[in-house]
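S.K.: For reference, the structure I am asking about is given below.
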Amino acid sequence: MPQFQHVNVPEGDLVRNENGRPVVGARPIIGLLQGDGIGIDITPVMTSVVDAAVHKAYGDERAIAWCPLYAGLQALERYGNELPDETIDAIRHLGIAIKGPYTTPIGDEKFVCLHCAHQQDNKTTCAECGKDDGLTPRYRSINVRLRQHLDLYACVRPVRYFDGVPAPNKYADQVDFVIFRENTEDVYAGYDFERGSDTAQAVIALMKEHTGRDIRPDSGIGIKPISESGTKRLVRRAVQWAKDQKLPSVTLVHKGNIMKFTEGAFSAWGYEVAADEFGADTITEKAVWEQHDGTPPAGRIVIKDRIADSIFQQIQTRPGEYSVLALPNLNGDYMSDAAIALVGGLGLGPGANIGDEAAVFEATHGTAPKYTGQDKVNPGSLMLSAVMMLEHMGWKEPADLVLAGMKKAIANGHVTYDLARLMRAEGRQDVEELSCSGFGRAVIELM
Ligand code: NAD
């Protein structure tokens, strides 16, 4: 066991990752990162709901051993910086963690306050919240650094409708799919060169030399790498998820009609990994039509592909036909936000970043600093991230209990202020506005 300065690993079972899949004992140790801002409100509500669900499902036979880890303001207080190596090492050691949101500096000012996310050019007292112990030099996103250090290559976003939530789409009640977005390649790899720079000019010259084609000399140049290994490890995870959760299809989304060797290859390699590694569990959509009159054989996951622009129509007009979508980085980015909008916005969207060494589950909203400590905000995103975490661990019973409790509370109109406002605007009279912890208690009662 590594020696930690501020991390106290509780008694329990380490989650081991074997061939990229978690092996979980009866008392798994799970890293818990509270998050900045409203993390202090939503994180304890999430753990209380999860503990109650695990107890209801398994009695005393199973329980989670939460292991507090520190980033953001809590790390600044303990270690003097916002993301200590120890936190990254501890997540790697535990193999699994769940986290609240973290402040990300976005402006150019030199310092950021981790109490309220305000940015300014001096390190004295925060001009916004008046506190003087939260200011720290601006830094790169904690979320991005965790992804890079731990090689969390799959960004996983479930999108599902909750009965009673006002949603703009007519078919919102059919939306229930999981997006697997590649997290390390494509435009995210960051090969982006300024117009006139040495690299941009060299690439333009190289293209001329090798292809004879002219790129305008005043062009900025971006490079979009998509590799076979990077694609296969993502699609492998998407197909495995479909298999574990007994879902009917995996759709490979690409723009291969325009970019054959990157986008098109993503699709081709995706089909390959499905056939080579999951041959007995999968069947292509083409084979379903050619050999089975359009009805997939029972228990087989249908592997299909869609051009990116058509899938943006399809998720609006026929969302029920999709259950797992696998995409390269940029299209996955667009798709994640577009899909969440179908079911009424970002408020309840959960997420996870998963790699072969570790999986980190997270709330997808930010730190909402103006609500910090008020016990007011919606803990739904983090609760649903915990549902994904339990599913990932193979603990389906407590996952279903949390989901059932949330569905009932929301359908009854027992919701936090954000959903209450939306529901009332739709003319509902029976809405009861609950606090953050009150919503947690309602979920526990109804699960
Ligand atoms: P935000 O998500 O914090 O807030 C946007 C709006 O949504 C606000 O009106 C807020 O009050 C509301 N909101 C957010 N979460 C809510 C919840 N759980 N329940 C009810 N209402 C909620 O986004 P922002 O204001 O742009 O960012 C604030 C800080 O959070 C910034 O430092 C930003 O970089 C950071 N951030 C972090 C993450 C992350 O860690 N994953 C994601 C987004 C933003």
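Just remember, in the structure tokens the first chain shown is A, the second B, etc., residues are 1-based per chain, and ligands are 1-based in the order shown.
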Could you tell me, counting only C-alpha atoms and all ligand atoms, which protein and nucleic acid residues lie no more than 10 Å from ligand 1, written as a PyMOL selection string?

M.R.: chain A and resi 35-39+41-42+72+99-107+112-119+141-144+345-351+362-372+376-382+416-419+436

S.K.: DSSP on the backbone, helix (DSSP H, G or I) only: what residues of region 221-418 of chain A does that give? Format it as a PDB file with C-alpha atoms, in the first residue's frame.

M.R.:
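Generated file (selection.pdb):
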ATOM      1  CA  GLU A 228      -6.998   2.022 -34.435  1.00  0.00           C
ATOM      2  CA  SER A 229      -5.923   1.354 -30.834  1.00  0.00           C
ATOM      3  CA  GLY A 230      -7.677   4.468 -29.508  1.00  0.00           C
ATOM      4  CA  THR A 231     -10.879   3.590 -31.351  1.00  0.00           C
ATOM      5  CA  LYS A 232     -10.885  -0.064 -30.418  1.00  0.00           C
ATOM      6  CA  ARG A 233     -10.444   0.496 -26.706  1.00  0.00           C
ATOM      7  CA  LEU A 234     -13.379   2.928 -26.732  1.00  0.00           C
ATOM      8  CA  VAL A 235     -15.711   0.730 -28.794  1.00  0.00           C
ATOM      9  CA  ARG A 236     -14.695  -2.342 -26.773  1.00  0.00           C
ATOM     10  CA  ARG A 237     -15.935  -0.530 -23.665  1.00  0.00           C
ATOM     11  CA  ALA A 238     -19.170   0.533 -25.387  1.00  0.00           C
ATOM     12  CA  VAL A 239     -19.955  -3.026 -26.536  1.00  0.00           C
ATOM     13  CA  GLN A 240     -19.005  -4.439 -23.133  1.00  0.00           C
ATOM     14  CA  TRP A 241     -21.396  -1.939 -21.499  1.00  0.00           C
ATOM     15  CA  ALA A 242     -24.191  -3.009 -23.848  1.00  0.00           C
ATOM     16  CA  LYS A 243     -23.459  -6.648 -23.005  1.00  0.00           C
ATOM     17  CA  ASP A 244     -23.283  -6.105 -19.223  1.00  0.00           C
ATOM     18  CA  LYS A 260     -12.545   8.079 -44.861  1.00  0.00           C
ATOM     19  CA  PHE A 261      -9.288   7.457 -43.024  1.00  0.00           C
ATOM     20  CA  THR A 262     -10.172   9.017 -39.688  1.00  0.00           C
ATOM     21  CA  GLU A 263     -13.961   9.062 -39.249  1.00  0.00           C
ATOM     22  CA  GLY A 264     -14.594   6.208 -41.666  1.00  0.00           C
ATOM     23  CA  ALA A 265     -11.827   4.168 -40.066  1.00  0.00           C
ATOM     24  CA  PHE A 266     -13.427   4.763 -36.641  1.00  0.00           C
ATOM     25  CA  SER A 267     -16.510   2.963 -37.915  1.00  0.00           C
ATOM     26  CA  ALA A 268     -14.558   0.167 -39.647  1.00  0.00           C
ATOM     27  CA  TRP A 269     -12.391  -0.506 -36.571  1.00  0.00           C
ATOM     28  CA  GLY A 270     -15.502  -0.418 -34.401  1.00  0.00           C
ATOM     29  CA  TYR A 271     -17.123  -3.175 -36.491  1.00  0.00           C
ATOM     30  CA  GLU A 272     -13.866  -5.113 -36.312  1.00  0.00           C
ATOM     31  CA  VAL A 273     -13.612  -5.060 -32.535  1.00  0.00           C
ATOM     32  CA  ALA A 274     -17.266  -6.096 -32.214  1.00  0.00           C
ATOM     33  CA  ALA A 275     -16.768  -9.039 -34.590  1.00  0.00           C
ATOM     34  CA  ASP A 276     -13.335 -10.135 -33.338  1.00  0.00           C
ATOM     35  CA  GLU A 277     -13.938  -9.853 -29.602  1.00  0.00           C
ATOM     36  CA  GLU A 285     -27.462  -4.432 -38.781  1.00  0.00           C
ATOM     37  CA  LYS A 286     -26.701  -5.501 -42.345  1.00  0.00           C
ATOM     38  CA  ALA A 287     -26.750  -9.178 -41.328  1.00  0.00           C
ATOM     39  CA  VAL A 288     -30.006  -8.650 -39.440  1.00  0.00           C
ATOM     40  CA  TRP A 289     -31.642  -7.512 -42.679  1.00  0.00           C
ATOM     41  CA  GLU A 290     -29.894  -9.941 -45.024  1.00  0.00           C
ATOM     42  CA  GLN A 291     -30.207 -13.058 -42.873  1.00  0.00           C
ATOM     43  CA  HIS A 292     -33.013 -12.461 -40.351  1.00  0.00           C
ATOM     44  CA  ALA A 308     -23.030  12.113 -37.767  1.00  0.00           C
ATOM     45  CA  ASP A 309     -25.467  14.566 -39.357  1.00  0.00           C
ATOM     46  CA  SER A 310     -28.195  11.965 -39.702  1.00  0.00           C
ATOM     47  CA  ILE A 311     -27.910  10.816 -36.089  1.00  0.00           C
ATOM     48  CA  PHE A 312     -28.589  14.351 -34.888  1.00  0.00           C
ATOM     49  CA  GLN A 313     -31.943  14.045 -36.667  1.00  0.00           C
ATOM     50  CA  GLN A 314     -32.546  10.496 -35.540  1.00  0.00           C
ATOM     51  CA  ILE A 315     -32.111  11.162 -31.825  1.00  0.00           C
ATOM     52  CA  GLN A 316     -34.901  13.721 -32.182  1.00  0.00           C
ATOM     53  CA  THR A 317     -37.261  11.793 -34.424  1.00  0.00           C
ATOM     54  CA  PRO A 319     -34.683   8.211 -30.134  1.00  0.00           C
ATOM     55  CA  GLY A 320     -36.064   4.831 -29.069  1.00  0.00           C
ATOM     56  CA  GLU A 321     -33.930   3.089 -31.722  1.00  0.00           C
ATOM     57  CA  ASN A 329     -14.215  13.249 -29.646  1.00  0.00           C
ATOM     58  CA  LEU A 330     -15.720  16.230 -31.463  1.00  0.00           C
ATOM     59  CA  ASN A 331     -18.975  14.664 -32.570  1.00  0.00           C
ATOM     60  CA  GLY A 332     -19.258  13.122 -29.116  1.00  0.00           C
ATOM     61  CA  ASP A 333     -18.929  16.553 -27.571  1.00  0.00           C
ATOM     62  CA  TYR A 334     -21.783  17.984 -29.657  1.00  0.00           C
ATOM     63  CA  MET A 335     -23.895  14.887 -29.196  1.00  0.00           C
ATOM     64  CA  SER A 336     -23.588  14.859 -25.402  1.00  0.00           C
ATOM     65  CA  ASP A 337     -25.020  18.347 -25.017  1.00  0.00           C
ATOM     66  CA  ALA A 338     -27.604  18.037 -27.801  1.00  0.00           C
ATOM     67  CA  ALA A 339     -28.924  14.796 -26.342  1.00  0.00           C
ATOM     68  CA  ILE A 340     -29.239  16.184 -22.814  1.00  0.00           C
ATOM     69  CA  ALA A 341     -31.272  19.099 -24.195  1.00  0.00           C
ATOM     70  CA  LEU A 342     -33.809  16.603 -25.608  1.00  0.00           C
ATOM     71  CA  LEU A 346     -28.208  19.800 -18.119  1.00  0.00           C
ATOM     72  CA  GLY A 347     -29.559  19.613 -14.561  1.00  0.00           C
ATOM     73  CA  LEU A 348     -29.805  15.830 -14.282  1.00  0.00           C
ATOM     74  CA  PRO A 369     -20.923  29.121  -6.077  1.00  0.00           C
ATOM     75  CA  LYS A 370     -23.826  31.436  -5.304  1.00  0.00           C
ATOM     76  CA  TYR A 371     -25.733  28.471  -3.829  1.00  0.00           C
ATOM     77  CA  GLY A 380     -29.636  14.569  -9.154  1.00  0.00           C
ATOM     78  CA  SER A 381     -26.622  14.692 -11.455  1.00  0.00           C
ATOM     79  CA  LEU A 382     -24.270  13.284  -8.811  1.00  0.00           C
ATOM     80  CA  MET A 383     -26.879  10.712  -7.715  1.00  0.00           C
ATOM     81  CA  LEU A 384     -27.232   9.505 -11.298  1.00  0.00           C
ATOM     82  CA  SER A 385     -23.448   9.346 -11.577  1.00  0.00           C
ATOM     83  CA  ALA A 386     -23.568   7.077  -8.542  1.00  0.00           C
ATOM     84  CA  VAL A 387     -26.177   4.947 -10.364  1.00  0.00           C
ATOM     85  CA  MET A 388     -23.686   4.556 -13.217  1.00  0.00           C
ATOM     86  CA  MET A 389     -20.945   3.743 -10.739  1.00  0.00           C
ATOM     87  CA  LEU A 390     -23.058   0.998  -9.152  1.00  0.00           C
ATOM     88  CA  GLU A 391     -23.884  -0.370 -12.625  1.00  0.00           C
ATOM     89  CA  HIS A 392     -20.189  -0.303 -13.546  1.00  0.00           C
ATOM     90  CA  LYS A 396     -27.487  -3.473 -10.314  1.00  0.00           C
ATOM     91  CA  GLU A 397     -29.969  -3.829  -7.439  1.00  0.00           C
ATOM     92  CA  PRO A 398     -28.981  -0.656  -5.532  1.00  0.00           C
ATOM     93  CA  ALA A 399     -28.543   1.180  -8.858  1.00  0.00           C
ATOM     94  CA  ASP A 400     -32.156   0.344  -9.745  1.00  0.00           C
ATOM     95  CA  LEU A 401     -33.342   1.375  -6.270  1.00  0.00           C
ATOM     96  CA  VAL A 402     -31.778   4.843  -6.518  1.00  0.00           C
ATOM     97  CA  LEU A 403     -33.188   5.286 -10.007  1.00  0.00           C
ATOM     98  CA  ALA A 404     -36.652   4.161  -8.933  1.00  0.00           C
ATOM     99  CA  GLY A 405     -36.613   6.528  -5.952  1.00  0.00           C
ATOM    100  CA  MET A 406     -35.596   9.448  -8.143  1.00  0.00           C
ATOM    101  CA  LYS A 407     -38.192   8.644 -10.795  1.00  0.00           C
ATOM    102  CA  LYS A 408     -40.982   8.527  -8.225  1.00  0.00           C
ATOM    103  CA  ALA A 409     -39.908  11.694  -6.389  1.00  0.00           C
ATOM    104  CA  ILE A 410     -39.720  13.642  -9.657  1.00  0.00           C
ATOM    105  CA  ALA A 411     -42.981  12.230 -11.037  1.00  0.00           C
ATOM    106  CA  TYR A 417     -36.058  24.631  -6.864  1.00  0.00           C
ATOM    107  CA  ASP A 418     -34.715  24.261 -10.409  1.00  0.00           C
TER     108      ASP A 418
END

S.K.: Do you know which residues are at most 12 Å from region 188-196 of chain A counting only C-alpha atoms, after dropping those on the same chain fewer than 6 positions away, and could you put them as a PyMOL selection string?

M.R.: chain A and resi 144+147-148+153+181-182+202-205+215-227+230+328-333

S.K.: Write a file of the selected residues as a short mmCIF file (atom, residue, chain, number, x, y, z; two decimals), in the first residue's frame, keeping N, CA, C and O atoms.

M.R.:
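What follows is the written file selection-v6.cif:
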data_model
loop_
_atom_site.label_atom_id
_atom_site.label_comp_id
_atom_site.auth_asym_id
_atom_site.auth_seq_id
_atom_site.Cartn_x
_atom_site.Cartn_y
_atom_site.Cartn_z
N VAL A 144 -9.60 18.05 -16.51
CA VAL A 144 -8.78 17.67 -17.67
C VAL A 144 -7.51 16.97 -17.19
O VAL A 144 -7.10 15.95 -17.75
N ARG A 147 -8.21 13.42 -16.20
CA ARG A 147 -8.40 12.59 -17.40
C ARG A 147 -7.06 12.22 -18.03
O ARG A 147 -6.84 11.09 -18.41
N GLN A 148 -6.17 13.23 -18.12
CA GLN A 148 -4.90 12.96 -18.80
C GLN A 148 -3.99 12.07 -17.95
O GLN A 148 -3.44 11.11 -18.46
N TYR A 153 -9.99 7.35 -21.01
CA TYR A 153 -10.21 7.60 -22.44
C TYR A 153 -11.67 7.57 -22.88
O TYR A 153 -11.98 7.98 -23.98
N ARG A 181 -17.99 8.71 -25.61
CA ARG A 181 -17.22 9.66 -26.42
C ARG A 181 -15.73 9.46 -26.16
O ARG A 181 -15.29 9.41 -25.00
N GLU A 182 -14.95 9.36 -27.24
CA GLU A 182 -13.50 9.18 -27.10
C GLU A 182 -12.90 10.46 -26.50
O GLU A 182 -13.22 11.56 -26.93
N ALA A 202 5.15 24.58 -42.23
CA ALA A 202 5.81 23.31 -42.57
C ALA A 202 4.78 22.28 -43.02
O ALA A 202 5.03 21.52 -43.98
N VAL A 203 3.62 22.25 -42.35
CA VAL A 203 2.60 21.27 -42.75
C VAL A 203 2.08 21.60 -44.14
O VAL A 203 1.88 20.70 -44.98
N ILE A 204 1.88 22.88 -44.41
CA ILE A 204 1.40 23.28 -45.74
C ILE A 204 2.40 22.86 -46.83
O ILE A 204 2.03 22.30 -47.86
N ALA A 205 3.68 23.07 -46.53
CA ALA A 205 4.72 22.69 -47.50
C ALA A 205 4.75 21.17 -47.69
O ALA A 205 4.87 20.66 -48.81
N ILE A 215 -2.80 24.25 -49.82
CA ILE A 215 -3.60 24.79 -48.71
C ILE A 215 -3.31 26.29 -48.69
O ILE A 215 -2.15 26.69 -48.83
N ARG A 216 -4.34 27.10 -48.54
CA ARG A 216 -4.12 28.56 -48.55
C ARG A 216 -3.04 28.92 -47.52
O ARG A 216 -3.11 28.48 -46.36
N PRO A 217 -2.07 29.73 -47.89
CA PRO A 217 -0.96 30.03 -46.98
C PRO A 217 -1.38 30.77 -45.72
O PRO A 217 -0.68 30.73 -44.70
N ASP A 218 -2.53 31.44 -45.76
CA ASP A 218 -2.97 32.15 -44.55
C ASP A 218 -3.91 31.28 -43.70
O ASP A 218 -4.76 31.79 -42.98
N SER A 219 -3.73 29.95 -43.77
CA SER A 219 -4.60 29.05 -42.99
C SER A 219 -3.97 28.72 -41.64
O SER A 219 -2.76 28.50 -41.54
N GLY A 220 -4.82 28.63 -40.61
CA GLY A 220 -4.42 27.92 -39.40
C GLY A 220 -4.55 26.43 -39.71
O GLY A 220 -5.34 26.04 -40.57
N ILE A 221 -3.77 25.60 -39.02
CA ILE A 221 -3.80 24.16 -39.33
C ILE A 221 -4.13 23.36 -38.06
O ILE A 221 -3.50 23.56 -37.02
N GLY A 222 -5.14 22.49 -38.18
CA GLY A 222 -5.44 21.57 -37.09
C GLY A 222 -5.24 20.15 -37.58
O GLY A 222 -5.48 19.86 -38.75
N ILE A 223 -4.81 19.27 -36.69
CA ILE A 223 -4.63 17.87 -37.09
C ILE A 223 -5.54 17.00 -36.23
O ILE A 223 -5.66 17.22 -35.03
N LYS A 224 -6.18 16.04 -36.89
CA LYS A 224 -7.22 15.26 -36.26
C LYS A 224 -6.81 13.80 -36.28
O LYS A 224 -7.19 13.07 -37.19
N PRO A 225 -6.02 13.36 -35.30
CA PRO A 225 -5.61 11.96 -35.32
C PRO A 225 -6.70 11.05 -34.73
O PRO A 225 -7.27 11.36 -33.69
N ILE A 226 -6.98 9.95 -35.42
CA ILE A 226 -7.87 8.92 -34.88
C ILE A 226 -7.17 7.58 -35.12
O ILE A 226 -6.89 7.23 -36.27
N SER A 227 -6.84 6.87 -34.05
CA SER A 227 -6.02 5.66 -34.21
C SER A 227 -6.87 4.40 -34.06
O SER A 227 -7.95 4.43 -33.45
N GLY A 230 -6.81 3.56 -30.27
CA GLY A 230 -7.68 4.47 -29.51
C GLY A 230 -9.15 4.19 -29.76
O GLY A 230 -9.98 4.25 -28.86
N PRO A 328 -16.21 9.51 -31.98
CA PRO A 328 -14.95 10.21 -31.76
C PRO A 328 -15.19 11.49 -30.98
O PRO A 328 -16.34 11.87 -30.73
N ASN A 329 -14.11 12.17 -30.63
CA ASN A 329 -14.21 13.25 -29.65
C ASN A 329 -15.16 14.40 -30.01
O ASN A 329 -16.04 14.76 -29.23
N LEU A 330 -14.98 14.99 -31.18
CA LEU A 330 -15.72 16.23 -31.46
C LEU A 330 -17.22 15.97 -31.63
O LEU A 330 -18.05 16.65 -31.02
N ASN A 331 -17.55 14.97 -32.42
CA ASN A 331 -18.98 14.66 -32.57
C ASN A 331 -19.58 14.23 -31.24
O ASN A 331 -20.74 14.52 -30.95
N GLY A 332 -18.78 13.55 -30.43
CA GLY A 332 -19.26 13.12 -29.12
C GLY A 332 -19.55 14.31 -28.22
O GLY A 332 -20.49 14.29 -27.42
N ASP A 333 -18.75 15.34 -28.36
CA ASP A 333 -18.93 16.55 -27.57
C ASP A 333 -20.27 17.20 -27.93
O ASP A 333 -21.10 17.49 -27.05
#

S.K.: So which residues touch Asp430 (chain A) within 7 Å, counting only C-alpha atoms, skipping near sequence neighbours fewer than 2 positions away, as a PyMOL selection string?

M.R.: chain A and resi 413+428+432

S.K.: Keeping only N, CA and C atoms, write the selected residues as a compact mmCIF listing (two decimals), in the first residue's frame.

M.R.:
# COMPACT_ATOMS: atom_id res chain seq x y z
N GLY A 413 -43.58 15.32 -8.29
CA GLY A 413 -43.39 16.77 -8.15
C GLY A 413 -42.66 17.15 -6.88
N ARG A 428 -48.11 23.01 -13.56
CA ARG A 428 -48.39 22.02 -12.51
C ARG A 428 -48.65 22.70 -11.18
N GLU A 432 -44.03 20.24 -4.90
CA GLU A 432 -43.53 20.57 -3.56
C GLU A 432 -42.03 20.79 -3.63

S.K.: Counting only C-alpha atoms, which of A:Tyr70, A:Ile40, A:Asn17, A:Ala57 gets nearest to Met447 (chain A)?

M.R.: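 Of A:Tyr70, A:Ile40, A:Asn17, A:Ala57, the one nearest Met447 (chain A), counting only C-alpha atoms, is A:Ala57.
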